[in-house]
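Structure file work-v9.txt; described as compact mmCIF, C-alpha atoms.
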# COMPACT_ATOMS: atom_id res chain seq x y z
CA PRO M 1 -3.29 -38.63 6.04
CA ALA M 2 -4.16 -39.66 2.49
CA VAL M 3 -5.43 -36.90 0.21
CA ARG M 4 -9.01 -37.53 -0.80
CA ALA M 5 -9.44 -37.85 -4.56
CA PRO M 6 -11.70 -35.23 -6.15
CA VAL M 7 -15.09 -35.88 -7.72
CA VAL M 8 -14.54 -35.00 -11.36
CA ALA M 9 -16.95 -33.91 -14.08
CA VAL M 10 -15.98 -33.44 -17.73
CA GLY M 11 -17.31 -30.18 -19.12
CA LEU M 12 -17.19 -28.44 -22.48
CA ILE M 13 -14.45 -29.33 -24.93
CA ARG M 14 -14.42 -26.88 -27.84
CA ASP M 15 -13.63 -28.16 -31.32
CA TYR M 16 -11.21 -25.94 -33.27
CA THR M 17 -10.27 -28.54 -35.89
CA ARG M 18 -12.56 -27.02 -38.55
CA GLY M 19 -13.54 -30.54 -39.55
CA SER M 20 -16.93 -31.49 -40.98
CA GLU M 21 -17.79 -33.55 -37.87
CA ASP M 22 -17.82 -32.38 -34.26
CA LEU M 23 -15.33 -34.67 -32.53
CA ALA M 24 -15.22 -32.80 -29.24
CA ARG M 25 -18.62 -33.96 -27.96
CA PRO M 26 -17.94 -37.70 -28.19
CA LEU M 27 -14.41 -37.03 -26.90
CA ALA M 28 -15.80 -35.50 -23.69
CA ASP M 29 -18.10 -38.51 -23.17
CA MET M 30 -15.22 -40.92 -23.84
CA LEU M 31 -12.97 -39.10 -21.39
CA ALA M 32 -15.59 -39.26 -18.62
CA THR M 33 -16.15 -42.96 -19.34
CA ASN M 34 -12.46 -43.81 -19.27
CA LEU M 35 -11.61 -41.70 -16.21
CA ALA M 36 -14.29 -43.55 -14.23
CA ARG M 37 -12.16 -46.70 -14.62
CA ALA M 38 -9.39 -45.22 -12.47
CA GLU M 39 -9.29 -46.82 -9.03
CA GLY M 40 -10.25 -44.40 -6.28
CA LEU M 41 -11.62 -41.67 -8.58
CA GLN M 42 -15.29 -40.67 -8.66
CA VAL M 43 -16.39 -39.30 -12.04
CA ILE M 44 -19.81 -37.89 -12.91
CA SER M 45 -21.13 -39.88 -15.86
CA ALA M 46 -21.81 -38.13 -19.15
CA VAL M 47 -25.44 -39.27 -18.95
CA ARG M 48 -25.85 -37.55 -15.59
CA MET M 49 -24.39 -34.37 -17.06
CA TYR M 50 -26.80 -34.53 -20.03
CA GLU M 51 -29.74 -34.86 -17.65
CA LEU M 52 -28.70 -31.94 -15.47
CA VAL M 53 -27.93 -29.69 -18.43
CA ALA M 54 -31.39 -30.44 -19.89
CA GLN M 55 -32.99 -29.32 -16.62
CA GLN M 56 -31.49 -25.83 -16.82
CA GLU M 57 -32.46 -22.67 -18.63
CA SER M 58 -28.93 -21.97 -19.92
CA PRO M 59 -28.05 -23.04 -23.49
CA ALA M 60 -27.08 -26.72 -23.43
CA ASP M 61 -23.79 -26.13 -25.26
CA SER M 62 -22.55 -23.41 -22.92
CA ALA M 63 -19.67 -23.72 -20.48
CA ALA M 64 -21.85 -22.14 -17.79
CA ALA M 65 -24.55 -24.81 -18.14
CA LEU M 66 -21.99 -27.60 -17.82
CA MET M 67 -20.36 -25.96 -14.81
CA MET M 68 -23.74 -25.61 -13.07
CA ALA M 69 -24.54 -29.24 -13.94
CA ALA M 70 -21.21 -30.37 -12.49
CA ARG M 71 -21.89 -28.56 -9.22
CA ALA M 72 -25.43 -29.96 -9.05
CA ALA M 73 -24.04 -33.47 -9.57
CA GLY M 74 -21.70 -33.10 -6.60
CA ALA M 75 -18.45 -32.65 -8.53
CA THR M 76 -15.55 -30.83 -6.88
CA GLU M 77 -13.47 -30.38 -10.05
CA LEU M 78 -14.27 -29.72 -13.70
CA VAL M 79 -12.13 -30.88 -16.61
CA ASP M 80 -12.65 -28.98 -19.86
CA GLY M 81 -10.52 -27.86 -22.78
CA SER M 82 -10.00 -27.56 -26.51
CA LEU M 83 -9.45 -29.87 -29.47
CA LEU M 84 -7.09 -28.60 -32.18
CA ASP M 85 -5.54 -29.87 -35.39
CA SER M 86 -1.88 -29.15 -36.18
CA ALA M 87 -0.53 -30.49 -39.46
CA GLY M 88 -2.74 -33.58 -39.32
CA VAL M 89 -2.01 -34.33 -35.68
CA LEU M 90 -4.80 -33.82 -33.17
CA ARG M 91 -4.00 -31.96 -29.96
CA LEU M 92 -6.09 -31.91 -26.81
CA ASP M 93 -5.56 -29.11 -24.30
CA LEU M 94 -7.17 -29.85 -20.94
CA ARG M 95 -7.48 -27.92 -17.70
CA ARG M 96 -8.67 -28.81 -14.22
CA THR M 97 -10.69 -26.22 -12.32
CA ASP M 98 -11.69 -26.21 -8.65
CA LEU M 99 -15.48 -25.74 -8.67
CA ALA M 100 -15.60 -24.26 -5.18
CA THR M 101 -13.14 -21.45 -5.85
CA GLY M 102 -12.94 -21.26 -9.64
CA SER M 103 -9.16 -21.63 -9.39
CA LEU M 104 -7.24 -23.21 -12.23
CA LEU M 105 -5.46 -26.25 -10.79
CA ARG M 106 -3.49 -27.62 -13.71
CA VAL M 107 -3.26 -27.68 -17.49
CA TYR M 108 -2.42 -30.62 -19.76
CA ARG M 109 -1.52 -31.08 -23.41
CA VAL M 110 -1.60 -34.40 -25.26
CA SER M 111 -1.53 -35.28 -28.95
CA GLY M 112 -2.52 -38.20 -31.15
CA ARG M 113 -3.70 -39.36 -34.55
CA ASP M 114 -7.31 -39.93 -33.47
CA ILE M 115 -9.65 -39.14 -30.58
CA PHE M 116 -9.22 -42.60 -29.05
CA GLY M 117 -5.49 -41.96 -28.63
CA LEU M 118 -6.20 -38.49 -27.22
CA VAL M 119 -8.59 -39.91 -24.63
CA ASP M 120 -6.14 -42.62 -23.60
CA SER M 121 -3.27 -40.12 -23.24
CA GLY M 122 -5.44 -37.55 -21.48
CA THR M 123 -6.71 -40.18 -19.05
CA ALA M 124 -3.17 -41.33 -18.27
CA GLU M 125 -1.99 -37.77 -17.57
CA LEU M 126 -4.93 -36.96 -15.32
CA VAL M 127 -4.61 -40.22 -13.39
CA ARG M 128 -0.86 -39.73 -12.94
CA THR M 129 -1.08 -36.15 -11.67
CA LEU M 130 -3.95 -36.98 -9.35
CA GLY M 131 -1.66 -39.49 -7.66
CA LEU M 132 -3.90 -42.47 -8.39
CA ARG M 133 -2.56 -45.99 -8.67
CA GLY M 134 -3.02 -48.40 -11.51
CA ARG M 135 -3.20 -48.10 -15.26
CA VAL M 136 -6.37 -47.41 -17.20
CA GLY M 137 -6.61 -49.32 -20.47
CA PRO M 138 -7.72 -48.08 -23.90
CA VAL M 139 -11.21 -46.59 -23.99
CA ALA M 140 -11.97 -48.54 -27.20
CA ASP M 141 -11.76 -51.78 -25.19
CA VAL M 142 -14.86 -50.79 -23.19
CA SER M 143 -16.90 -48.85 -25.74
CA THR M 144 -16.44 -48.99 -29.52
CA THR M 145 -13.64 -48.69 -32.06
CA SER M 146 -15.92 -46.69 -34.37
CA VAL M 147 -15.76 -42.88 -34.20
CA ALA M 148 -19.03 -42.71 -36.16
CA ALA M 149 -20.79 -45.03 -33.68
CA TYR M 150 -19.60 -43.02 -30.69
CA ARG M 151 -20.59 -39.72 -32.30
CA LEU M 152 -24.12 -41.02 -33.02
CA TYR M 153 -24.34 -42.52 -29.52
CA GLU M 154 -23.39 -39.24 -27.84
CA GLU M 155 -25.80 -37.25 -30.01
CA GLY M 156 -28.53 -39.81 -29.30
CA LEU M 157 -28.06 -39.49 -25.54
CA ARG M 158 -28.11 -35.70 -25.64
CA THR M 159 -31.29 -35.80 -27.72
CA LEU M 160 -32.92 -38.45 -25.54
CA PHE M 161 -32.25 -36.61 -22.29
CA GLY M 162 -33.11 -33.32 -23.93
CA GLY M 163 -36.71 -34.53 -24.19
CA ASP M 164 -36.95 -36.12 -27.65
CA PRO M 165 -36.93 -39.92 -27.14
CA VAL M 166 -38.07 -40.68 -30.70
CA VAL M 167 -35.16 -38.94 -32.44
CA GLY M 168 -32.80 -40.06 -29.67
CA ARG M 169 -33.73 -43.68 -30.31
CA GLN M 170 -33.23 -43.23 -34.06
CA LEU M 171 -29.71 -41.95 -33.46
CA LEU M 172 -28.97 -44.86 -31.11
CA THR M 173 -30.24 -47.25 -33.80
CA ARG M 174 -27.76 -45.75 -36.24
CA ALA M 175 -24.97 -46.07 -33.65
CA LEU M 176 -25.74 -49.79 -33.33
CA GLU M 177 -25.75 -50.13 -37.10
CA GLU M 178 -22.19 -48.75 -37.08
CA ASP M 179 -21.17 -51.10 -34.23
CA SER M 180 -23.59 -53.81 -33.13
CA SER M 181 -21.36 -54.68 -30.14
CA PHE M 182 -21.66 -51.24 -28.47
CA ALA M 183 -23.13 -52.25 -25.08
CA MET M 184 -24.25 -48.86 -23.78
CA ALA M 185 -25.81 -47.90 -27.09
CA ALA M 186 -27.87 -51.10 -26.82
CA PHE M 187 -28.79 -50.32 -23.21
CA TRP M 188 -30.01 -46.78 -23.88
CA TYR M 189 -31.76 -47.90 -27.06
CA ALA M 190 -33.83 -50.21 -24.84
CA GLN M 191 -34.33 -47.60 -22.13
CA ALA M 192 -35.59 -45.07 -24.66
CA ASP M 193 -38.78 -47.15 -25.02
CA PRO M 194 -39.33 -49.02 -21.72
CA ALA M 195 -43.01 -49.63 -22.53
CA GLY M 196 -42.29 -51.09 -25.95
CA MET M 197 -43.16 -54.67 -26.85
CA ASP M 198 -39.50 -55.49 -27.55
CA TYR M 199 -38.13 -53.90 -24.38
CA PHE M 200 -36.94 -57.13 -22.75
CA ARG M 201 -35.39 -58.43 -25.96
CA ASN M 202 -33.57 -55.14 -26.50
CA LEU M 203 -32.41 -54.99 -22.89
CA SER M 204 -31.19 -58.60 -22.96
CA ARG M 205 -29.00 -57.62 -25.92
CA ALA M 206 -27.26 -55.05 -23.69
CA VAL M 207 -26.81 -57.71 -21.00
CA ARG M 208 -25.07 -60.02 -23.50
CA LEU M 209 -22.73 -57.18 -24.50
CA ALA M 210 -22.03 -55.96 -20.96
CA ALA M 211 -18.67 -57.77 -20.75
CA HIS M 212 -17.32 -55.17 -23.20
CA ALA M 213 -18.32 -52.19 -21.01
CA THR M 214 -16.67 -50.50 -18.02
CA GLU M 215 -17.34 -51.79 -14.52
CA ARG M 216 -19.75 -48.93 -13.83
CA GLU M 217 -21.64 -49.52 -17.05
CA ARG M 218 -21.78 -53.28 -16.45
CA LEU M 219 -23.36 -52.63 -13.07
CA ILE M 220 -25.86 -50.20 -14.59
CA ILE M 221 -26.84 -52.73 -17.27
CA ARG M 222 -27.12 -55.57 -14.73
CA ALA M 223 -29.11 -53.38 -12.33
CA GLY M 224 -31.48 -52.30 -15.11
CA TRP M 225 -32.03 -55.93 -16.10
CA ALA M 226 -32.50 -57.04 -12.48
CA GLU M 227 -35.03 -54.23 -11.96
CA ALA M 228 -36.97 -55.18 -15.09
CA THR M 229 -37.04 -58.92 -14.33
CA ASP M 230 -37.27 -58.84 -10.52
CA ASP M 231 -34.01 -60.78 -10.36
CA PRO M 232 -33.29 -62.12 -6.84
CA ASN M 233 -29.86 -60.44 -7.06
CA ARG M 234 -31.33 -56.99 -7.62
CA LEU M 235 -30.71 -55.87 -4.02
CA ALA M 236 -27.03 -56.89 -4.04
CA ILE M 237 -26.45 -55.29 -7.46
CA ALA M 238 -28.10 -52.01 -6.39
CA GLU M 239 -26.06 -51.94 -3.17
CA SER M 240 -22.85 -52.45 -5.18
CA LEU M 241 -23.77 -49.61 -7.54
CA VAL M 242 -24.50 -47.20 -4.68
CA THR M 243 -21.32 -48.15 -2.81
CA ARG M 244 -18.96 -47.88 -5.77
CA TYR M 245 -20.61 -44.99 -7.63
CA PRO M 246 -22.44 -42.85 -5.05
CA ASN M 247 -23.05 -39.94 -7.46
CA GLU M 248 -25.39 -41.95 -9.72
CA PRO M 249 -29.06 -41.47 -8.71
CA ASP M 250 -30.17 -44.61 -10.55
CA GLY M 251 -28.39 -46.72 -7.95
CA TYR M 252 -30.40 -45.24 -5.09
CA LEU M 253 -33.64 -45.56 -7.04
CA TRP M 254 -32.97 -49.22 -7.82
CA LEU M 255 -31.96 -49.76 -4.17
CA GLY M 256 -35.24 -48.24 -2.98
CA HIS M 257 -37.20 -50.45 -5.36
CA ALA M 258 -35.26 -53.56 -4.34
CA ARG M 259 -35.77 -52.96 -0.63
CA THR M 260 -39.48 -52.31 -1.13
CA TRP M 261 -39.95 -55.52 -3.10
CA SER M 262 -37.92 -57.51 -0.58
CA GLY M 263 -40.21 -56.30 2.22
CA ASP M 264 -37.78 -53.83 3.80
CA PHE M 265 -40.16 -50.89 3.53
CA THR M 266 -38.42 -48.82 6.20
CA GLY M 267 -35.04 -49.40 4.56
CA ALA M 268 -36.41 -48.12 1.25
CA LEU M 269 -37.22 -44.67 2.63
CA GLU M 270 -33.68 -43.28 2.91
CA PRO M 271 -32.45 -44.07 -0.64
CA LEU M 272 -35.72 -42.83 -2.13
CA ARG M 273 -35.41 -39.55 -0.25
CA HIS M 274 -31.84 -39.31 -1.49
CA VAL M 275 -33.04 -39.64 -5.10
CA ILE M 276 -35.51 -36.79 -4.55
CA GLU M 277 -32.70 -34.62 -3.23
CA MET M 278 -30.27 -35.54 -6.02
CA ASP M 279 -32.83 -35.04 -8.78
CA SER M 280 -34.52 -31.93 -7.36
CA LEU M 281 -33.94 -29.91 -10.55
CA ALA M 282 -36.22 -32.29 -12.47
CA LEU M 283 -39.09 -31.36 -10.15
CA LYS M 284 -38.92 -27.76 -11.39
CA GLN M 285 -39.82 -28.83 -14.93
CA ASP M 286 -43.39 -28.77 -16.22
CA PRO M 287 -43.93 -32.35 -17.47
CA ARG M 288 -46.62 -31.14 -19.89
CA GLN M 289 -44.30 -28.87 -21.86
CA PRO M 290 -42.58 -29.98 -25.09
CA GLY M 291 -38.89 -30.62 -24.52
CA ALA M 292 -39.34 -31.51 -20.85
CA PRO M 293 -36.62 -33.90 -19.63
CA ALA M 294 -37.22 -37.46 -20.73
CA ARG M 295 -37.14 -38.79 -17.19
CA CYS M 296 -37.86 -37.53 -13.70
CA ARG M 297 -36.24 -39.88 -11.19
CA ALA M 298 -37.44 -37.74 -8.29
CA CYS M 299 -41.01 -38.31 -9.51
CA GLU M 300 -40.43 -42.06 -9.62
CA ALA M 301 -38.94 -41.88 -6.13
CA TYR M 302 -41.97 -39.98 -4.80
CA GLY M 303 -44.30 -42.66 -6.18
CA GLU M 304 -42.23 -45.43 -4.61
CA LEU M 305 -41.92 -43.51 -1.34
CA ILE M 306 -45.70 -43.18 -1.08
CA SER M 307 -46.07 -46.92 -1.77
CA ALA M 308 -43.49 -47.75 0.90
CA TYR M 309 -45.36 -45.70 3.52
CA HIS M 310 -48.61 -47.39 2.46
CA LEU M 311 -47.03 -50.83 2.85
CA LEU M 312 -45.83 -49.74 6.31
CA ASP M 313 -49.48 -49.07 7.20
CA SER M 314 -48.58 -45.41 7.63
CA LEU M 315 -51.23 -43.70 5.53
CA PRO M 316 -50.76 -40.29 7.24
CA ALA M 317 -47.09 -40.36 6.20
CA ALA M 318 -48.09 -41.46 2.70
CA GLU M 319 -50.49 -38.52 2.49
CA ARG M 320 -47.79 -36.09 3.64
CA ALA M 321 -45.42 -37.38 0.96
CA ALA M 322 -48.13 -37.14 -1.72
CA ARG M 323 -49.05 -33.59 -0.71
CA GLU M 324 -45.37 -32.65 -0.72
CA TRP M 325 -45.14 -33.95 -4.28
CA THR M 326 -48.18 -31.93 -5.43
CA GLU M 327 -46.68 -28.82 -3.85
CA VAL M 328 -43.34 -29.10 -5.62
CA GLN M 329 -44.95 -30.25 -8.90
CA PRO M 330 -48.50 -28.88 -9.03
CA ASP M 331 -48.84 -29.73 -12.75
CA ASN M 332 -47.89 -33.40 -12.48
CA LEU M 333 -50.92 -35.63 -12.95
CA ASN M 334 -49.15 -38.58 -11.30
CA ALA M 335 -48.69 -36.56 -8.11
CA TRP M 336 -52.40 -35.78 -7.91
CA GLY M 337 -53.26 -39.38 -8.77
CA ALA M 338 -51.04 -40.61 -5.93
CA LEU M 339 -52.70 -38.21 -3.49
CA ALA M 340 -56.17 -39.29 -4.67
CA SER M 341 -55.28 -42.93 -4.09
CA VAL M 342 -54.04 -42.30 -0.55
CA LEU M 343 -57.12 -40.22 0.31
CA MET M 344 -59.38 -42.96 -1.02
CA TYR M 345 -57.67 -45.56 1.20
CA ARG M 346 -58.17 -43.19 4.13
CA GLY M 347 -61.91 -43.10 3.41
CA ARG M 348 -61.92 -39.41 2.44
CA TYR M 349 -63.74 -39.89 -0.83
CA ALA M 350 -64.76 -36.30 -1.54
CA GLU M 351 -61.15 -35.14 -1.20
CA ALA M 352 -59.98 -38.07 -3.33
CA LEU M 353 -62.46 -37.12 -6.04
CA ALA M 354 -61.28 -33.52 -5.96
CA ALA M 355 -57.65 -34.63 -6.34
CA ASN M 356 -58.61 -36.87 -9.27
CA GLN M 357 -60.48 -34.02 -10.92
CA ARG M 358 -57.45 -31.78 -10.49
Could I get this structure in the form of structure tokens?
Amino acid sequence: PAVRAPVVAVGLIRDYTRGSEDLARPLADMLATNLARAEGLQVISAVRMYELVAQQESPADSAAALMMAARAAGATELVDGSLLDSAGVLRLDLRRTDLATGSLLRVYRVSGRDIFGLVDSGTAELVRTLGLRGRVGPVADVSTTSVAAYRLYEEGLRTLFGGDPVVGRQLLTRALEEDSSFAMAAFWYAQADPAGMDYFRNLSRAVRLAAHATERERLIIRAGWAEATDDPNRLAIAESLVTRYPNEPDGYLWLGHARTWSGDFTGALEPLRHVIEMDSLALKQDPRQPGAPARCRACEAYGELISAYHLLDSLPAAERAAREWTEVQPDNLNAWGALASVLMYRGRYAEALAANQR
């Protein structure tokens, strides 16, 4: 029988080059992006890792935090390593670790003149030793040729998902100033301010640039646009994202939304429940505290789940879901507002008033 490919997450890469700029952080993001292009390999996206790291109490730049994030994301292997400089030539030492046992599986060493070459060589070595077919092209073809743009993009994402959307958006703006064709920088720039007056214009820019992104990122951009515009293809796009990249919670959330809006209220329940399970760490955060994660997908899923039950004319089930949400997040005003709404529809006005007051 065929050996099942692992689910890989890219962890901490330490920078020992003593340069003025930290090249290891964008390198890790680039490696995760490029590895995801390998046919048959599931890779946890860098964005997902940023989110999960931000939801933990461990220092964000620690190996332990990244290992815990990888496990929470469903990874079976972690790739981490070191970046070194030897007589003007960059060297990348990588290692693969089994997350279940902690066993070291394999080590790799590649060299190059810049981080783009290191990522391409590292990707090729990992793909080859994992026994995967096909060749993965240069990472610059699906991201940016600018080191400065990628560094600002990576820092912007970490800041955004660390709970500071204002500074995160400023960094993404600077990334786009370095390379205006950087599709994912444009996408996350738009997503950093979804209530802004220019949201649709900013998001449409990412759509125009999507041809220069990886397949996964193209699907994410298209799904985000379809969600925002109620595109008739939103259901098919969300289904494709879930099928091809099952470790991305956004796909299940968009699938739940699409099924709800297409009238398949029962079909929406399972993917929405899956989002709540995948994003359970976000529910442990106090949304009122400074530095709370920028987004709680599980919260969005709870709101949609309650709506789906309501549309199914199952108000008792909607109430149970709303009460469940208030129990796991007693300080979330949206949870109490959802419960108040359900109680009002059930004609229990005194209880609805009490929930609103809470």
What separates atom CA of Ile237 of chain M and atom CA of Arg216 of chain M is a distance of 11.2 Å
From the list M:Gln191, M:Thr101, M:Gln357, M:Gln42, the nearest residue to Ile220 of chain M using all atoms listed in the file is M:Gln191
TODO: Excluding Glu51 of chain M and any residue of its chain fewer than 6 positions from it, enumerate the residues within 12 Å of it, using all atoms listed in the file, and give them as a PyMOL selection string.
DONE: chain M and resi 44-45+60+65-66+68-70+72-73+157-163+248-249+278-282+292-297
Who sits within 8 Å of Ala258 of chain M, only C-alpha atoms, same chain under 3 positions skipped, as a ChimeraX atom specification: /M:227,234-235,238,254-255,261-262,268
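Shortest separation to Leu27 of chain M among M:Ala9, M:Leu83, M:Ala340, M:Val136 occurs at residue M:Leu83, atoms counted being all atoms listed in the file.
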Using only C-alpha atoms, I'd like a table of the residues in segment 19-88 of chain M that come within 12 Å of segment 103-109 of chain M; for each, show the closest atom pair and its distance in Å rounded to one decimal, ordered by chain and ascending number, as a Markdown table.
| residue | atom | partner | partner_atom | distance |
| --- | --- | --- | --- | --- |
| M:Thr76 | CA | M:Ser103 | CA | 11.5 |
| M:Glu77 | CA | M:Leu105 | CA | 9.0 |
| M:Leu78 | CA | M:Leu104 | CA | 9.7 |
| M:Val79 | CA | M:Val107 | CA | 9.5 |
| M:Asp80 | CA | M:Val107 | CA | 9.8 |
| M:Gly81 | CA | M:Val107 | CA | 9.0 |
| M:Ser82 | CA | M:Arg109 | CA | 9.7 |
| M:Leu83 | CA | M:Arg109 | CA | 10.1 |
| M:Leu84 | CA | M:Arg109 | CA | 10.7 |
